[in-house]
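S.K.: Handing over start.cif, mmCIF, C-alpha atoms.
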```cif
data_model
loop_
_atom_site.label_atom_id
_atom_site.label_comp_id
_atom_site.auth_asym_id
_atom_site.auth_seq_id
_atom_site.Cartn_x
_atom_site.Cartn_y
_atom_site.Cartn_z
CA MET M 1 15.75 11.03 -7.39
CA ILE M 2 17.91 13.04 -4.97
CA LEU M 3 18.43 16.78 -5.22
CA ASP M 4 21.05 18.85 -3.43
CA ARG M 5 19.11 21.88 -2.24
CA GLY M 6 21.60 23.05 0.37
CA TRP M 7 19.11 23.08 3.24
CA ILE M 8 17.41 20.52 5.49
CA MET M 9 13.69 20.35 6.23
CA ASN M 10 12.87 20.73 9.92
CA SER M 11 11.08 18.03 11.90
CA LYS M 12 7.71 19.78 11.94
CA GLU M 13 7.73 20.17 8.17
CA PHE M 14 8.73 16.52 7.87
CA GLN M 15 5.86 15.50 10.14
CA VAL M 16 3.29 17.38 8.07
CA LYS M 17 4.58 15.90 4.81
CA ILE M 18 4.93 12.30 6.01
CA LYS M 19 1.43 12.37 7.50
CA ASP M 20 0.06 13.62 4.20
CA TYR M 21 1.96 11.00 2.21
CA ALA M 22 0.80 8.22 4.55
CA GLU M 23 -2.82 9.22 4.07
CA GLN M 24 -2.36 9.55 0.31
CA TYR M 25 -0.87 6.09 0.07
CA ARG M 26 -3.57 4.47 2.21
CA ASP M 27 -6.29 6.12 0.10
CA TRP M 28 -4.55 5.10 -3.13
CA LYS M 29 -4.24 1.49 -1.97
CA LYS M 30 -7.83 1.17 -0.75
CA PRO M 31 -9.48 0.20 -4.09
CA ILE M 32 -6.83 -2.49 -4.66
CA ILE M 33 -7.44 -3.95 -1.21
CA GLU M 34 -11.21 -3.86 -1.73
CA PHE M 35 -10.88 -5.61 -5.09
CA HIS M 36 -8.63 -8.25 -3.53
CA GLU M 37 -11.11 -9.06 -0.77
CA LYS M 38 -14.16 -8.99 -3.03
CA PHE M 39 -12.54 -11.31 -5.57
CA ARG M 40 -11.33 -13.68 -2.87
CA GLU M 41 -14.75 -13.89 -1.25
CA GLU M 42 -16.67 -14.25 -4.52
CA HIS M 43 -14.39 -17.07 -5.65
CA HIS M 44 -14.13 -18.67 -2.18
CA ILE M 45 -10.32 -18.55 -2.18
CA ASP M 46 -8.63 -19.44 1.09
CA TYR M 47 -5.21 -17.94 1.89
CA PHE M 48 -3.71 -21.42 1.89
CA ASP M 49 -5.33 -22.43 -1.43
CA TRP M 50 -2.29 -22.49 -3.74
CA GLU M 51 -4.15 -22.73 -7.06
CA GLY M 52 -6.76 -20.22 -5.97
CA SER M 53 -4.06 -17.85 -4.77
CA LYS M 54 -2.42 -17.91 -8.21
CA ILE M 55 -5.73 -16.97 -9.81
CA LEU M 56 -6.21 -14.25 -7.22
CA GLU M 57 -2.70 -12.92 -7.77
CA GLN M 58 -3.25 -12.69 -11.53
CA ALA M 59 -6.56 -10.90 -11.04
CA VAL M 60 -5.05 -8.42 -8.58
CA GLN M 61 -2.12 -7.74 -10.91
CA GLU M 62 -4.46 -7.05 -13.82
CA PHE M 63 -6.68 -4.80 -11.72
CA THR M 64 -3.65 -2.95 -10.29
CA ALA M 65 -2.21 -2.34 -13.77
CA LYS M 66 -5.48 -0.80 -14.96
CA TYR M 67 -5.84 1.17 -11.74
CA GLN M 68 -2.29 2.53 -11.95
CA ALA M 69 -2.90 3.65 -15.53
CA GLN M 70 -5.65 5.95 -14.28
CA ASN M 71 -4.42 6.72 -10.76
CA SER M 72 -0.78 7.67 -10.26
CA ASP M 73 1.04 5.41 -7.80
CA PRO M 74 2.55 7.67 -5.07
CA THR M 75 5.25 5.14 -4.10
CA GLU M 76 8.03 6.74 -6.15
CA MET M 77 7.12 10.20 -4.86
CA ILE M 78 7.25 8.96 -1.25
CA HIS M 79 10.56 7.18 -1.81
CA SER M 80 11.96 10.37 -3.32
CA PHE M 81 10.81 12.32 -0.28
CA LEU M 82 12.51 9.90 2.11
CA ASN M 83 15.66 9.91 -0.02
CA GLN M 84 15.82 13.67 0.13
CA GLU M 85 14.50 14.55 3.59
CA TYR M 86 15.54 11.66 5.85
CA GLU M 87 17.98 13.90 7.73
CA ALA M 88 15.09 15.92 9.13
CA TYR M 89 14.16 12.82 11.14
CA LEU M 90 17.71 11.71 11.76
CA ASN M 91 18.65 15.08 13.28
CA ALA M 92 15.45 15.54 15.28
CA LYS M 93 15.02 15.12 19.03
CA TRP M 94 13.42 11.94 20.34
CA GLU M 95 10.22 13.78 21.24
CA GLU M 96 9.98 15.15 17.72
CA CYS M 97 10.52 11.69 16.20
CA ASN M 98 7.85 10.28 18.48
CA ALA M 99 5.40 12.94 17.29
CA ILE M 100 6.24 12.12 13.67
CA ARG M 101 5.54 8.41 14.23
CA ALA M 102 2.30 9.18 16.05
CA SER M 103 1.07 11.34 13.17
CA PHE M 104 0.35 8.30 10.98
CA SER M 105 0.14 5.43 13.49
CA ILE M 106 -1.82 2.28 12.60
CA ASN M 107 -1.60 2.78 8.85
CA ARG M 108 -0.79 -0.74 7.74
CA GLU M 109 -0.57 0.10 4.06
CA PHE M 110 2.03 2.78 4.66
CA GLU M 111 3.93 0.54 7.08
CA ASP M 112 4.24 -2.02 4.29
CA LEU M 113 5.63 0.66 2.01
CA LEU M 114 8.21 1.58 4.65
CA LEU M 115 9.26 -2.06 5.02
CA GLY M 116 9.80 -2.21 1.29
CA TYR M 117 11.88 0.95 1.48
CA VAL M 118 14.21 -0.64 4.05
CA TYR M 119 14.90 -3.52 1.65
CA ASN M 120 15.46 -1.07 -1.18
CA ALA M 121 17.91 0.88 1.00
CA ALA M 122 19.87 -2.32 1.64
CA LYS M 123 20.00 -2.98 -2.09
CA GLU M 124 21.19 0.56 -2.82
CA LEU M 125 23.77 0.32 -0.03
CA ARG M 126 25.27 -2.79 -1.60
CA SER M 127 25.29 -1.09 -5.02
CA THR M 128 26.64 2.34 -4.06
CA ARG M 129 28.53 1.66 -0.80
CA ASP M 130 27.12 5.01 0.33
CA VAL M 131 26.46 5.10 4.08
CA LYS M 132 23.53 7.45 3.48
CA TRP M 133 21.52 4.43 2.38
CA LEU M 134 22.15 2.79 5.74
CA GLU M 135 20.87 5.94 7.43
CA ARG M 136 17.85 6.14 5.13
CA GLY M 137 16.95 2.53 5.78
CA LEU M 138 17.18 3.02 9.53
CA VAL M 139 14.95 6.09 9.35
CA ALA M 140 12.32 4.07 7.47
CA ALA M 141 12.58 1.22 9.97
CA SER M 142 12.15 3.67 12.84
CA LEU M 143 9.09 5.16 11.16
CA GLU M 144 7.59 1.71 10.51
CA ASN M 145 8.22 0.87 14.18
CA SER M 146 7.43 -2.87 14.00
CA GLY M 147 3.91 -1.86 13.06
CA ARG M 148 3.14 -4.69 10.66
CA ASP M 149 4.88 -7.62 12.35
CA SER M 150 8.03 -7.40 14.44
CA ARG M 151 9.40 -10.49 12.70
CA ASP M 152 9.20 -8.70 9.35
CA THR M 153 10.99 -5.72 10.87
CA TYR M 154 13.79 -8.01 12.09
CA LEU M 155 14.17 -9.50 8.62
CA SER M 156 14.43 -6.11 6.93
CA LEU M 157 16.92 -4.90 9.53
CA ASN M 158 18.95 -8.09 9.10
CA ASP M 159 19.26 -7.32 5.40
CA LEU M 160 20.27 -3.72 6.08
CA TYR M 161 22.78 -4.73 8.77
CA GLN M 162 24.36 -7.40 6.58
CA ALA M 163 24.48 -5.05 3.57
CA ALA M 164 26.54 -2.59 5.62
CA LYS M 165 28.96 -5.33 6.68
CA ASP M 166 29.20 -6.57 3.10
CA VAL M 167 30.51 -3.20 1.93
CA GLY M 168 32.88 -2.68 4.86
CA ILE M 169 30.75 -0.37 7.00
CA ASP M 170 30.38 -1.04 10.71
CA PRO M 171 26.60 -0.79 11.17
CA ASN M 172 26.63 -0.71 14.96
CA PRO M 173 27.21 3.06 15.50
CA TYR M 174 24.42 3.83 13.04
CA PHE M 175 22.04 1.35 14.64
CA LYS M 176 22.79 2.87 18.05
CA LYS M 177 22.11 6.36 16.69
CA ALA M 178 18.80 5.13 15.30
CA ALA M 179 18.04 3.52 18.67
CA SER M 180 18.25 6.93 20.35
CA LEU M 181 15.42 8.15 18.09
CA ALA M 182 13.28 5.01 17.99
CA SER M 183 10.18 4.16 19.99
CA ARG M 184 10.58 2.98 23.58
CA GLU M 185 7.10 1.50 23.70
CA LYS M 186 6.17 -2.13 23.10
CA PRO M 187 5.15 -2.55 19.45
CA ARG M 188 1.68 -3.70 18.43
CA ASP M 189 2.99 -7.11 17.43
CA GLY M 190 6.12 -7.94 19.42
CA SER M 191 7.67 -7.92 22.85
CA THR M 192 10.79 -5.74 22.38
CA HIS M 193 10.55 -2.04 21.64
CA LEU M 194 12.51 -0.88 18.63
CA SER M 195 14.94 1.29 20.57
CA ALA M 196 16.18 -1.70 22.60
CA LEU M 197 16.35 -3.88 19.50
CA LEU M 198 18.47 -1.39 17.57
CA ALA M 199 20.78 -0.55 20.48
CA ASN M 200 22.12 -4.10 20.75
CA TYR M 201 21.48 -5.43 17.29
CA THR M 202 22.78 -8.82 16.20
CA ILE M 203 21.67 -10.83 13.20
CA LYS M 204 19.39 -13.68 14.18
CA PRO M 205 17.39 -15.20 11.31
CA GLU M 206 13.74 -15.16 12.33
CA GLN M 207 12.35 -18.65 12.46
CA SER M 208 8.87 -20.04 12.33
CA SER M 209 7.51 -22.46 14.91
CA LYS M 210 8.82 -25.27 12.68
CA GLY M 211 12.34 -23.90 12.88
CA GLU M 212 12.46 -22.78 9.26
CA VAL M 213 13.93 -19.45 8.24
CA ARG M 214 11.04 -17.13 7.36
CA GLU M 215 11.08 -14.93 4.31
CA ILE M 216 9.00 -11.82 3.79
CA LYS M 217 7.56 -11.49 0.32
CA ASN M 218 6.93 -8.02 -1.07
CA ASP M 219 4.88 -8.83 -4.15
CA PRO M 220 1.43 -7.13 -4.27
CA LEU M 221 -0.51 -10.26 -3.33
CA SER M 222 1.67 -11.07 -0.31
CA ILE M 223 1.35 -7.49 0.92
CA LEU M 224 -2.43 -7.68 0.61
CA LYS M 225 -2.48 -11.00 2.46
CA ARG M 226 -0.58 -9.46 5.36
CA LEU M 227 -3.10 -6.65 5.60
CA PHE M 228 -5.84 -9.14 6.42
CA ASN M 229 -3.93 -12.06 7.93
CA PRO M 230 -0.63 -11.16 9.65
CA ASP M 231 0.28 -14.86 10.03
CA VAL M 232 0.55 -15.22 6.27
CA LYS M 233 3.96 -14.39 4.74
#
```
Could you render the structure as C-alpha cells?
M.R.:
Amino acid sequence: MILDRGWIMNSKEFQVKIKDYAEQYRDWKKPIIEFHEKFREEHHIDYFDWEGSKILEQAVQEFTAKYQAQNSDPTEMIHSFLNQEYEAYLNAKWEECNAIRASFSINREFEDLLLGYVYNAAKELRSTRDVKWLERGLVAASLENSGRDSRDTYLSLNDLYQAAKDVGIDPNPYFKKAASLASREKPRDGSTHLSALLANYTIKPEQSSKGEVREIKNDPLSILKRLFNPDVK
C-alpha cells in the first residue's frame, strides 16, 4: 500500500522507525527459528538430509501458520513502510545512511526480509515499469548491505538490474546514485564493499565452486537454514 501524503520523512525519523521495525521482526521470527532448531535436533535432521528436510519444512509451515494466526506477521507493514518512505534514505547524506544501517546491524532475520524485498521490487518493476521500484529495491539492498551473504546480494541485484533493462530503463545511473549512499566498509561475508559493487555494476551470475549458477531460495525453510548455516542455499 502506498499513500501520497505530500511530505517526506526525514532521515532521523526513518532511522528510528527502521530500527524499531527490525527489532519487531527479529522478535516475531524468534519462536519460528526456535521451533525449527528444536524440531531438527529432536528428529536428528541434517541440512543435507532431503527426506528429513521435507518433514522439517512441513512441520515449520504448520507451526508458522498457527503462529501467524495468533501473532500478526509484520512483513507487510514493513514493506509498506519501505514503499512509502524509501525517499528519506535515498535523499539522505552518506553519513545519515551509515547511521541508519548501523542502527540495526547484525540482524540476520531482518536482512533476509530486506533481500526478499529486493526481489519483490524487481517483480513490481517488471509489472509496473515504474522506476520507483528500482529505487526502492536499491534502498533495500543498501540497507541489507551484504549482511547475509554477499553472493545472495549479488543475485538479488542481478534480478533488479535485469528487470530495469527488461522494461527499457538504464539501471546504471540509479545504481551509481545508490553507490554514493552505500557502505564503504568490507561486508561481513564478502570482499567488496557495496558502494564499489554498485558503482560499476555488471551482471555476473554467481557460481558455486562447481561452476553451477546458484539460486537463492526464499521459502521459510531455506531462510531458516541460512540463519544457522550460511553455506546452505
S.K.: Pick the closest to M:Ala179 from M:Asp166, M:Glu57, M:Glu135, M:Asp152: which is it, counting all atoms listed in the file?
M.R.: M:Glu135
S.K.: Run through the PyMOL selection byres ((chain M and resi 87-90) around 12) on the given coordinates and return the selected residues as a ChimeraX atom specification.
M.R.: /M:7-18,81-86,91-101,132-143,174-182
S.K.: Would you mind exporting C-alpha atoms of the selected residues as a compact mmCIF listing (two decimals), in the frame of the given file?
M.R.:
```
# COMPACT_ATOMS: atom_id res chain seq x y z
CA TRP M 7 19.11 23.08 3.24
CA ILE M 8 17.41 20.52 5.49
CA MET M 9 13.69 20.35 6.23
CA ASN M 10 12.87 20.73 9.92
CA SER M 11 11.08 18.03 11.90
CA LYS M 12 7.71 19.78 11.94
CA GLU M 13 7.73 20.17 8.17
CA PHE M 14 8.73 16.52 7.87
CA GLN M 15 5.86 15.50 10.14
CA VAL M 16 3.29 17.38 8.07
CA LYS M 17 4.58 15.90 4.81
CA ILE M 18 4.93 12.30 6.01
CA PHE M 81 10.81 12.32 -0.28
CA LEU M 82 12.51 9.90 2.11
CA ASN M 83 15.66 9.91 -0.02
CA GLN M 84 15.82 13.67 0.13
CA GLU M 85 14.50 14.55 3.59
CA TYR M 86 15.54 11.66 5.85
CA ASN M 91 18.65 15.08 13.28
CA ALA M 92 15.45 15.54 15.28
CA LYS M 93 15.02 15.12 19.03
CA TRP M 94 13.42 11.94 20.34
CA GLU M 95 10.22 13.78 21.24
CA GLU M 96 9.98 15.15 17.72
CA CYS M 97 10.52 11.69 16.20
CA ASN M 98 7.85 10.28 18.48
CA ALA M 99 5.40 12.94 17.29
CA ILE M 100 6.24 12.12 13.67
CA ARG M 101 5.54 8.41 14.23
CA LYS M 132 23.53 7.45 3.48
CA TRP M 133 21.52 4.43 2.38
CA LEU M 134 22.15 2.79 5.74
CA GLU M 135 20.87 5.94 7.43
CA ARG M 136 17.85 6.14 5.13
CA GLY M 137 16.95 2.53 5.78
CA LEU M 138 17.18 3.02 9.53
CA VAL M 139 14.95 6.09 9.35
CA ALA M 140 12.32 4.07 7.47
CA ALA M 141 12.58 1.22 9.97
CA SER M 142 12.15 3.67 12.84
CA LEU M 143 9.09 5.16 11.16
CA TYR M 174 24.42 3.83 13.04
CA PHE M 175 22.04 1.35 14.64
CA LYS M 176 22.79 2.87 18.05
CA LYS M 177 22.11 6.36 16.69
CA ALA M 178 18.80 5.13 15.30
CA ALA M 179 18.04 3.52 18.67
CA SER M 180 18.25 6.93 20.35
CA LEU M 181 15.42 8.15 18.09
CA ALA M 182 13.28 5.01 17.99
```
S.K.: So the first atom is atom CA of M:Ile33 and the second is atom CA of M:Leu157; what is the distance between them in Å, to one decimal place?
M.R.: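 The value is 26.6 Å.
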S.K.: Centre and edge lengths of an axis-aligned box around all listed atoms of stretch 138-154 of chain M, with 3 Å added on each side, are to be given in Å to one decimal, as JSON.
M.R.:
```
{"center_x": 10.2, "center_y": -2.2, "center_z": 11.0, "size_x": 20.0, "size_y": 22.6, "size_z": 13.0}
```
S.K.: What does the PyMOL selection byres ((chain M and resi 32) around 9) select in this file, as a list in words?
M.R.: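 That selection, the PyMOL selection byres ((chain M and resi 32) around 9), comes back as Trp28, Lys29, Lys30, Pro31, Ile33, Glu34, Phe35, His36, Glu37, Val60, Phe63, Thr64, Tyr67 and Leu224 of chain M.
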S.K.: Hey, which of M:Ile106, M:Ala69, M:Ala22, M:Ala122 ends up closest to M:Arg188? Count only C-alpha atoms.
M.R.: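 Of M:Ile106, M:Ala69, M:Ala22, M:Ala122, the one nearest M:Arg188 is M:Ile106, counting only C-alpha atoms.
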S.K.: Between M:Ala102, M:Ala199, M:Ile169, M:Ala164, which is the closest to M:Lys19 once you count all atoms listed in the file?
M.R.: M:Ala102
S.K.: Let me make sure I understand: among M:Ser72, M:Arg151, M:Arg129, M:Ser156, which one has the smallest atom-to-atom distance to M:Tyr117 if we use all atoms listed in the file?
M.R.: M:Ser156
S.K.: Please compute the atom CA of M:Phe110-atom CA of M:Thr192 distance, one decimal, in Å.
M.R.: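 These atoms are spaced 21.5 Å apart.
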S.K.: Between atom CA of M:Asp112 and atom CA of M:Val167, what distance in Å does the model show, to one decimal?
M.R.: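 A separation of 26.4 Å between them.
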S.K.: Pick the closest to M:Glu185 from M:Ser146, M:Ile78, M:Thr153, M:Pro171: which is it, counting only C-alpha atoms?
M.R.: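 The shortest atom-to-atom distance to M:Glu185 comes from M:Ser146.
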S.K.: May I ask which of the residues M:Leu160, M:Glu62, M:Glu144, M:Asn172 is the closest one to M:Ser103, counting all atoms listed in the file?
M.R.: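 Checking each candidate against M:Ser103, we get M:Glu144 as the closest.
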S.K.: Excluding stretch 39-43 of chain M and any residue of its chain fewer than 6 positions from it, enumerate the residues within 9 Å of it, using only C-alpha atoms, and give them as a ChimeraX atom specification.
M.R.: /M:52-53,56,59-60
S.K.: Output C-alpha atoms for every residue in that selection, as a PDB file, in the coordinates of the input.
M.R.:
```pdb
ATOM      1  CA  GLY M  52      -6.760 -20.220  -5.970  1.00  0.00           C
ATOM      2  CA  SER M  53      -4.060 -17.850  -4.770  1.00  0.00           C
ATOM      3  CA  LEU M  56      -6.210 -14.250  -7.220  1.00  0.00           C
ATOM      4  CA  ALA M  59      -6.560 -10.900 -11.040  1.00  0.00           C
ATOM      5  CA  VAL M  60      -5.050  -8.420  -8.580  1.00  0.00           C
TER       6      VAL M  60
END
```
